[in-house]
$ cat model.csv   # CSV, N, CA and C atoms and all ligand atoms
chain,number,residue,atom,x,y,z
H,1,MET,N,5.9,-30.1,-39.4
H,1,MET,CA,7.1,-29.2,-39.5
H,1,MET,C,8.2,-30.0,-40.2
H,2,PRO,N,9.0,-29.2,-40.9
H,2,PRO,CA,10.0,-29.9,-41.7
H,2,PRO,C,11.2,-30.4,-40.9
H,3,ILE,N,11.7,-31.5,-41.3
H,3,ILE,CA,13.0,-31.9,-40.8
H,3,ILE,C,14.0,-31.9,-41.9
H,4,TYR,N,15.1,-31.2,-41.6
H,4,TYR,CA,16.2,-31.1,-42.6
H,4,TYR,C,17.2,-32.1,-42.2
H,5,GLU,N,17.8,-32.8,-43.2
H,5,GLU,CA,18.8,-33.7,-42.9
H,5,GLU,C,20.1,-33.4,-43.7
H,6,TYR,N,21.2,-33.4,-43.0
H,6,TYR,CA,22.4,-33.1,-43.6
H,6,TYR,C,23.4,-34.2,-43.5
H,7,GLN,N,24.1,-34.5,-44.6
H,7,GLN,CA,25.2,-35.5,-44.5
H,7,GLN,C,26.5,-34.9,-44.3
H,8,CYS,N,27.3,-35.4,-43.4
H,8,CYS,CA,28.6,-34.9,-43.1
H,8,CYS,C,29.6,-35.4,-44.2
H,9,SER,N,30.4,-34.4,-44.7
H,9,SER,CA,31.3,-34.8,-45.7
H,9,SER,C,32.6,-35.4,-45.1
H,10,ALA,N,32.7,-35.3,-43.8
H,10,ALA,CA,33.8,-36.0,-43.1
H,10,ALA,C,33.5,-37.4,-42.7
H,11,CYS,N,32.4,-37.6,-42.0
H,11,CYS,CA,32.2,-39.0,-41.5
H,11,CYS,C,31.0,-39.6,-42.2
H,12,LYS,N,30.3,-38.9,-43.1
H,12,LYS,CA,29.2,-39.4,-44.0
H,12,LYS,C,28.0,-39.7,-43.2
H,13,LYS,N,27.9,-39.3,-41.9
H,13,LYS,CA,26.7,-39.6,-41.1
H,13,LYS,C,25.7,-38.5,-41.3
H,14,ILE,N,24.4,-38.9,-41.1
H,14,ILE,CA,23.3,-38.0,-41.3
H,14,ILE,C,23.0,-37.3,-39.9
H,15,SER,N,22.8,-36.0,-40.0
H,15,SER,CA,22.3,-35.3,-38.8
H,15,SER,C,20.9,-34.7,-39.2
H,16,SER,N,20.0,-34.8,-38.3
H,16,SER,CA,18.6,-34.2,-38.5
H,16,SER,C,18.4,-33.0,-37.7
H,17,PHE,N,17.8,-32.0,-38.4
H,17,PHE,CA,17.5,-30.8,-37.7
H,17,PHE,C,16.0,-30.5,-37.9
H,18,LEU,N,15.3,-30.3,-36.8
H,18,LEU,CA,13.9,-30.1,-36.8
H,18,LEU,C,13.6,-28.6,-36.7
H,19,LEU,N,12.9,-28.1,-37.7
H,19,LEU,CA,12.6,-26.7,-37.7
H,19,LEU,C,11.2,-26.4,-37.1
H,20,LEU,N,11.2,-25.6,-36.1
H,20,LEU,CA,9.9,-25.3,-35.5
H,20,LEU,C,9.1,-24.3,-36.3
H,21,ARG,N,9.8,-23.4,-36.9
H,21,ARG,CA,9.2,-22.4,-37.8
H,21,ARG,C,9.9,-22.5,-39.2
H,22,VAL,N,9.1,-22.2,-40.2
H,22,VAL,CA,9.6,-22.2,-41.6
H,22,VAL,C,10.7,-21.2,-41.7
H,23,THR,N,10.5,-20.1,-41.0
H,23,THR,CA,11.4,-18.9,-41.1
H,23,THR,C,12.7,-19.1,-40.4
H,24,GLU,N,12.7,-20.2,-39.5
H,24,GLU,CA,13.9,-20.4,-38.7
H,24,GLU,C,15.1,-20.7,-39.5
H,25,GLU,N,16.2,-20.2,-39.1
H,25,GLU,CA,17.5,-20.5,-39.8
H,25,GLU,C,18.2,-21.6,-39.1
H,26,VAL,N,18.7,-22.5,-39.8
H,26,VAL,CA,19.5,-23.6,-39.2
H,26,VAL,C,21.0,-23.3,-39.6
H,27,GLU,N,21.8,-23.6,-38.7
H,27,GLU,CA,23.2,-23.6,-38.9
H,27,GLU,C,23.7,-25.1,-38.8
H,28,PRO,N,23.6,-25.8,-40.0
H,28,PRO,CA,23.8,-27.2,-39.9
H,28,PRO,C,25.3,-27.6,-39.6
H,29,TYR,N,25.4,-28.6,-38.8
H,29,TYR,CA,26.7,-29.1,-38.5
H,29,TYR,C,26.5,-30.6,-38.3
H,30,CYS,N,27.6,-31.4,-38.3
H,30,CYS,CA,27.5,-32.8,-38.0
H,30,CYS,C,27.4,-33.0,-36.5
H,31,LYS,N,26.3,-33.7,-36.1
H,31,LYS,CA,26.1,-34.0,-34.7
H,31,LYS,C,27.0,-35.1,-34.2
H,32,HIS,N,27.6,-35.8,-35.2
H,32,HIS,CA,28.5,-36.9,-34.8
H,32,HIS,C,29.9,-36.5,-34.6
H,33,CYS,N,30.4,-35.6,-35.5
H,33,CYS,CA,31.9,-35.3,-35.3
H,33,CYS,C,32.1,-33.8,-35.2
H,34,GLY,N,31.0,-33.0,-35.4
H,34,GLY,CA,31.1,-31.6,-35.2
H,34,GLY,C,31.5,-30.8,-36.5
H,35,ASP,N,31.8,-31.5,-37.6
H,35,ASP,CA,32.2,-30.8,-38.8
H,35,ASP,C,31.1,-30.0,-39.4
H,36,ARG,N,31.4,-28.9,-39.9
H,36,ARG,CA,30.3,-28.0,-40.5
H,36,ARG,C,30.2,-28.2,-42.0
H,37,ARG,N,31.1,-29.1,-42.6
H,37,ARG,CA,30.9,-29.3,-44.0
H,37,ARG,C,29.9,-30.4,-44.3
H,38,VAL,N,28.6,-29.9,-44.2
H,38,VAL,CA,27.5,-30.9,-44.4
H,38,VAL,C,26.7,-30.5,-45.6
H,39,THR,N,26.1,-31.5,-46.2
H,39,THR,CA,25.3,-31.3,-47.4
H,39,THR,C,23.9,-31.7,-47.2
H,40,ARG,N,23.0,-30.9,-47.6
H,40,ARG,CA,21.6,-31.1,-47.4
H,40,ARG,C,21.1,-32.3,-48.2
H,41,VAL,N,20.4,-33.2,-47.5
H,41,VAL,CA,19.8,-34.4,-48.2
H,41,VAL,C,18.3,-34.3,-47.9
H,42,LEU,N,17.6,-34.8,-48.9
H,42,LEU,CA,16.1,-34.8,-48.8
H,42,LEU,C,15.6,-36.1,-48.3
H,43,SER,N,14.6,-36.0,-47.4
H,43,SER,CA,14.0,-37.2,-46.9
H,43,SER,C,12.5,-37.1,-47.1
H,44,ALA,N,12.0,-37.7,-48.1
H,44,ALA,CA,10.6,-37.6,-48.4
H,44,ALA,C,9.7,-38.1,-47.3
H,45,VAL,N,10.2,-39.1,-46.7
H,45,VAL,CA,9.3,-39.7,-45.6
H,45,VAL,C,9.2,-38.7,-44.5
H,46,HIS,N,10.3,-38.0,-44.1
H,46,HIS,CA,10.2,-37.1,-43.0
H,46,HIS,C,9.3,-35.9,-43.4
H,47,VAL,N,9.4,-35.4,-44.6
H,47,VAL,CA,8.6,-34.3,-45.1
H,47,VAL,C,7.2,-34.6,-45.0
H,48,LEU,N,6.8,-35.8,-45.4
H,48,LEU,CA,5.4,-36.3,-45.4
H,48,LEU,C,4.9,-36.3,-44.0
H,49,ARG,N,5.7,-37.0,-43.1
H,49,ARG,CA,5.3,-37.1,-41.7
H,49,ARG,C,5.2,-35.8,-41.0
H,50,GLY,N,6.1,-34.9,-41.4
H,50,GLY,CA,6.2,-33.6,-40.7
H,50,GLY,C,5.1,-32.7,-41.1
H,51,GLU,N,4.9,-32.6,-42.4
H,51,GLU,CA,4.1,-31.5,-42.9
H,51,GLU,C,2.6,-31.9,-43.1
H,52,GLU,N,2.4,-33.2,-43.1
H,52,GLU,CA,1.0,-33.7,-43.3
H,52,GLU,C,0.6,-34.5,-42.1
H,53,LYS,N,0.5,-33.7,-41.0
H,53,LYS,CA,0.1,-34.4,-39.7
H,53,LYS,C,-1.3,-35.0,-39.9
H,54,ARG,N,-2.1,-34.4,-40.7
H,54,ARG,CA,-3.5,-34.9,-40.9
H,54,ARG,C,-3.4,-36.2,-41.6
H,55,ILE,N,-2.5,-36.4,-42.5
H,55,ILE,CA,-2.4,-37.7,-43.2
H,55,ILE,C,-1.9,-38.7,-42.3
H,56,GLU,N,-1.0,-38.3,-41.4
H,56,GLU,CA,-0.3,-39.3,-40.5
H,56,GLU,C,-1.3,-40.1,-39.8
H,57,GLY,N,-2.4,-39.5,-39.3
H,57,GLY,CA,-3.4,-40.2,-38.6
H,57,GLY,C,-4.1,-41.2,-39.5
H,58,LEU,N,-4.2,-40.9,-40.8
H,58,LEU,CA,-4.9,-41.8,-41.7
H,58,LEU,C,-4.0,-43.0,-42.1
H,59,LEU,N,-2.7,-42.8,-41.8
H,59,LEU,CA,-1.9,-43.9,-42.2
H,59,LEU,C,-1.7,-44.9,-41.1
H,60,ASP,N,-2.7,-45.1,-40.3
H,60,ASP,CA,-2.7,-46.1,-39.2
H,60,ASP,C,-2.5,-47.5,-39.8
H,61,PRO,N,-1.6,-48.3,-39.3
H,61,PRO,CA,-1.3,-49.6,-39.8
H,61,PRO,C,-2.6,-50.4,-40.0
H,62,SER,N,-3.6,-50.2,-39.2
H,62,SER,CA,-4.8,-51.1,-39.3
H,62,SER,C,-5.5,-50.8,-40.6
H,63,ARG,N,-5.3,-49.7,-41.2
H,63,ARG,CA,-5.9,-49.4,-42.5
H,63,ARG,C,-5.3,-50.2,-43.6
H,64,PHE,N,-4.1,-50.7,-43.4
H,64,PHE,CA,-3.4,-51.5,-44.4
H,64,PHE,C,-3.5,-53.0,-44.1
H,65,SER,N,-4.4,-53.4,-43.2
H,65,SER,CA,-4.4,-54.8,-42.8
H,65,SER,C,-4.6,-55.7,-43.9
H,66,GLY,N,-5.4,-55.3,-44.9
H,66,GLY,CA,-5.7,-56.2,-46.0
H,66,GLY,C,-4.8,-56.1,-47.2
H,67,LEU,N,-3.8,-55.3,-47.0
H,67,LEU,CA,-2.9,-54.9,-48.2
H,67,LEU,C,-1.9,-56.0,-48.5
H,68,ASP,N,-1.9,-56.4,-49.8
H,68,ASP,CA,-0.8,-57.3,-50.2
H,68,ASP,C,0.1,-56.5,-51.2
H,69,GLU,N,1.3,-56.2,-50.7
H,69,GLU,CA,2.2,-55.4,-51.5
H,69,GLU,C,2.5,-55.9,-52.9
H,70,ASN,N,2.4,-57.2,-53.0
H,70,ASN,CA,2.7,-57.8,-54.3
H,70,ASN,C,1.6,-57.9,-55.2
H,71,ASP,N,0.4,-57.4,-54.8
H,71,ASP,CA,-0.8,-57.5,-55.6
H,71,ASP,C,-1.2,-56.1,-56.0
H,72,PRO,N,-1.0,-55.7,-57.2
H,72,PRO,CA,-1.4,-54.4,-57.7
H,72,PRO,C,-2.8,-54.0,-57.4
H,73,ALA,N,-3.7,-55.0,-57.6
H,73,ALA,CA,-5.1,-54.7,-57.4
H,73,ALA,C,-5.4,-54.4,-55.9
H,74,SER,N,-4.7,-55.1,-55.0
H,74,SER,CA,-4.9,-54.8,-53.6
H,74,SER,C,-4.3,-53.5,-53.2
H,75,ILE,N,-3.2,-53.1,-53.8
H,75,ILE,CA,-2.6,-51.8,-53.5
H,75,ILE,C,-3.6,-50.7,-54.0
H,76,GLU,N,-4.1,-50.9,-55.2
H,76,GLU,CA,-5.0,-49.9,-55.8
H,76,GLU,C,-6.2,-49.7,-54.9
H,77,LYS,N,-6.7,-50.8,-54.5
H,77,LYS,CA,-7.9,-50.8,-53.6
H,77,LYS,C,-7.6,-49.9,-52.3
H,78,THR,N,-6.5,-50.2,-51.8
H,78,THR,CA,-6.1,-49.5,-50.5
H,78,THR,C,-5.9,-48.0,-50.8
H,79,VAL,N,-5.2,-47.7,-51.9
H,79,VAL,CA,-5.0,-46.3,-52.2
H,79,VAL,C,-6.3,-45.6,-52.4
H,80,LYS,N,-7.2,-46.2,-53.1
H,80,LYS,CA,-8.5,-45.6,-53.4
H,80,LYS,C,-9.2,-45.4,-52.1
H,81,ARG,N,-9.2,-46.3,-51.2
H,81,ARG,CA,-9.8,-46.2,-49.9
H,81,ARG,C,-9.3,-45.0,-49.1
H,82,LEU,N,-7.9,-44.9,-49.1
H,82,LEU,CA,-7.3,-43.8,-48.5
H,82,LEU,C,-7.7,-42.5,-49.1
H,83,GLY,N,-7.7,-42.5,-50.5
H,83,GLY,CA,-8.1,-41.3,-51.2
H,83,GLY,C,-9.5,-40.8,-50.8
H,84,ARG,N,-10.4,-41.7,-50.7
H,84,ARG,CA,-11.8,-41.4,-50.2
H,84,ARG,C,-11.7,-40.7,-48.9
H,85,ASP,N,-10.9,-41.3,-48.0
H,85,ASP,CA,-10.8,-40.8,-46.6
H,85,ASP,C,-10.3,-39.3,-46.6
H,86,LEU,N,-9.4,-39.1,-47.6
H,86,LEU,CA,-8.8,-37.7,-47.6
H,86,LEU,C,-9.6,-36.8,-48.5
H,87,GLY,N,-10.8,-37.2,-48.9
H,87,GLY,CA,-11.6,-36.3,-49.7
H,87,GLY,C,-11.1,-36.2,-51.1
H,88,GLY,N,-10.4,-37.3,-51.6
H,88,GLY,CA,-10.0,-37.3,-53.0
H,88,GLY,C,-8.7,-36.7,-53.3
H,89,GLU,N,-8.1,-36.1,-52.3
H,89,GLU,CA,-6.8,-35.3,-52.6
H,89,GLU,C,-5.7,-36.2,-53.0
H,90,ILE,N,-5.6,-37.4,-52.4
H,90,ILE,CA,-4.5,-38.3,-52.8
H,90,ILE,C,-5.0,-39.2,-53.9
H,91,GLY,N,-6.2,-39.6,-53.9
H,91,GLY,CA,-6.7,-40.6,-54.9
H,91,GLY,C,-6.5,-40.1,-56.3
H,92,GLU,N,-6.7,-38.8,-56.5
H,92,GLU,CA,-6.5,-38.2,-57.8
H,92,GLU,C,-5.0,-38.0,-58.1
H,93,GLY,N,-4.6,-38.4,-59.3
H,93,GLY,CA,-3.3,-38.2,-59.7
H,93,GLY,C,-2.4,-39.4,-59.4
H,94,TRP,N,-2.9,-40.4,-58.7
H,94,TRP,CA,-2.1,-41.5,-58.4
H,94,TRP,C,-2.2,-42.6,-59.5
H,95,GLY,N,-3.1,-42.3,-60.4
H,95,GLY,CA,-3.1,-43.2,-61.5
H,95,GLY,C,-4.4,-43.9,-61.8
V,1,ZN,ZN,30.7,-35.9,-39.2
$ encode --input "model.csv" --output "structure tokens"
Amino acid sequence: MPIYEYQCSACKKISSFLLLRVTEEVEPYCKHCGDRRVTRVLSAVHVLRGEEKRIEGLLDPSRFSGLDENDPASIEKTVKRLGRDLGGEIGEGWG
């Protein structure tokens, strides 16, 4: 499920709103100071976690145990392995 985040124009803090249904309307407001002048911000991480529950399970930290972030070959190997687990959905188009 999507999580919408809004930044308050008064105090600049972020408020998160969880939508249980896509059709649900949110009336965003700042949860910190109550101001309604808030601006929608996008959080890619939250969208991924929320809408791809299936992928979430695949992103278990143990799957990255051999990953060296500074080694492109190691990253590629890990991504390809994940891609295989997902039936090729992610592996394709990543390069
Ligand atoms: Zn505020």
$ closest_residue --input "model.csv" --among "H:Ser16, H:Glu27, H:His32, H:Tyr6" --to "ligand ZN 1 (chain V)" --atoms "only C-alpha atoms and all ligand atoms"
H:His32
$ closest_atom_pairs --input "model.csv" --of "chain H" --to "ligand ZN 1 (chain V)" --cutoff "6.5 Å" --atoms "all atoms listed in the file" --output "JSON lines"
{"residue": "H:Cys8", "atom": "CA", "partner": "V:ZN1", "partner_atom": "ZN", "distance": 4.5}
{"residue": "H:Ser9", "atom": "N", "partner": "V:ZN1", "partner_atom": "ZN", "distance": 5.7}
{"residue": "H:Ala10", "atom": "C", "partner": "V:ZN1", "partner_atom": "ZN", "distance": 4.7}
{"residue": "H:Cys11", "atom": "N", "partner": "V:ZN1", "partner_atom": "ZN", "distance": 3.7}
{"residue": "H:Lys12", "atom": "N", "partner": "V:ZN1", "partner_atom": "ZN", "distance": 4.9}
{"residue": "H:Lys13", "atom": "N", "partner": "V:ZN1", "partner_atom": "ZN", "distance": 5.2}
{"residue": "H:Cys30", "atom": "CA", "partner": "V:ZN1", "partner_atom": "ZN", "distance": 4.6}
{"residue": "H:Lys31", "atom": "N", "partner": "V:ZN1", "partner_atom": "ZN", "distance": 5.8}
{"residue": "H:His32", "atom": "C", "partner": "V:ZN1", "partner_atom": "ZN", "distance": 4.7}
{"residue": "H:Cys33", "atom": "N", "partner": "V:ZN1", "partner_atom": "ZN", "distance": 3.7}
{"residue": "H:Gly34", "atom": "N", "partner": "V:ZN1", "partner_atom": "ZN", "distance": 4.8}
{"residue": "H:Asp35", "atom": "N", "partner": "V:ZN1", "partner_atom": "ZN", "distance": 4.8}
$ atom_distance --input "model.csv" --atom1 "atom CA of Asp85 of chain H" --atom2 "atom CA of Asp71 of chain H"
21.4 Å
$ residues_around --input "model.csv" --residues "Ile3 of chain H" --least-positions-apart "6" --cutoff "5 Å" --atoms "all atoms listed in the file" --output "short mmCIF file (atom, residue, chain, number, x, y, z; two decimals) with N, CA and C atoms, keeping the file's coordinate frame"
data_model
loop_
_atom_site.label_atom_id
_atom_site.label_comp_id
_atom_site.auth_asym_id
_atom_site.auth_seq_id
_atom_site.Cartn_x
_atom_site.Cartn_y
_atom_site.Cartn_z
N PHE H 17 17.80 -32.00 -38.40
CA PHE H 17 17.50 -30.80 -37.70
C PHE H 17 16.00 -30.50 -37.90
N LEU H 18 15.30 -30.30 -36.80
CA LEU H 18 13.90 -30.10 -36.80
C LEU H 18 13.60 -28.60 -36.70
N LEU H 19 12.90 -28.10 -37.70
CA LEU H 19 12.60 -26.70 -37.70
C LEU H 19 11.20 -26.40 -37.10
#
$ atom_distance --input "model.csv" --atom1 "atom C of Arg81 of chain H" --atom2 "atom CA of Leu67 of chain H"
11.8 Å
$ atom_distance --input "model.csv" --atom1 "atom CA of Val79 of chain H" --atom2 "atom CA of Pro2 of chain H"
24.6 Å
$ closest_residue --input "model.csv" --among "H:Thr23, H:Asn70, H:Gln7, H:Ser15" --to "Arg40 of chain H" --atoms "all atoms listed in the file"
H:Gln7
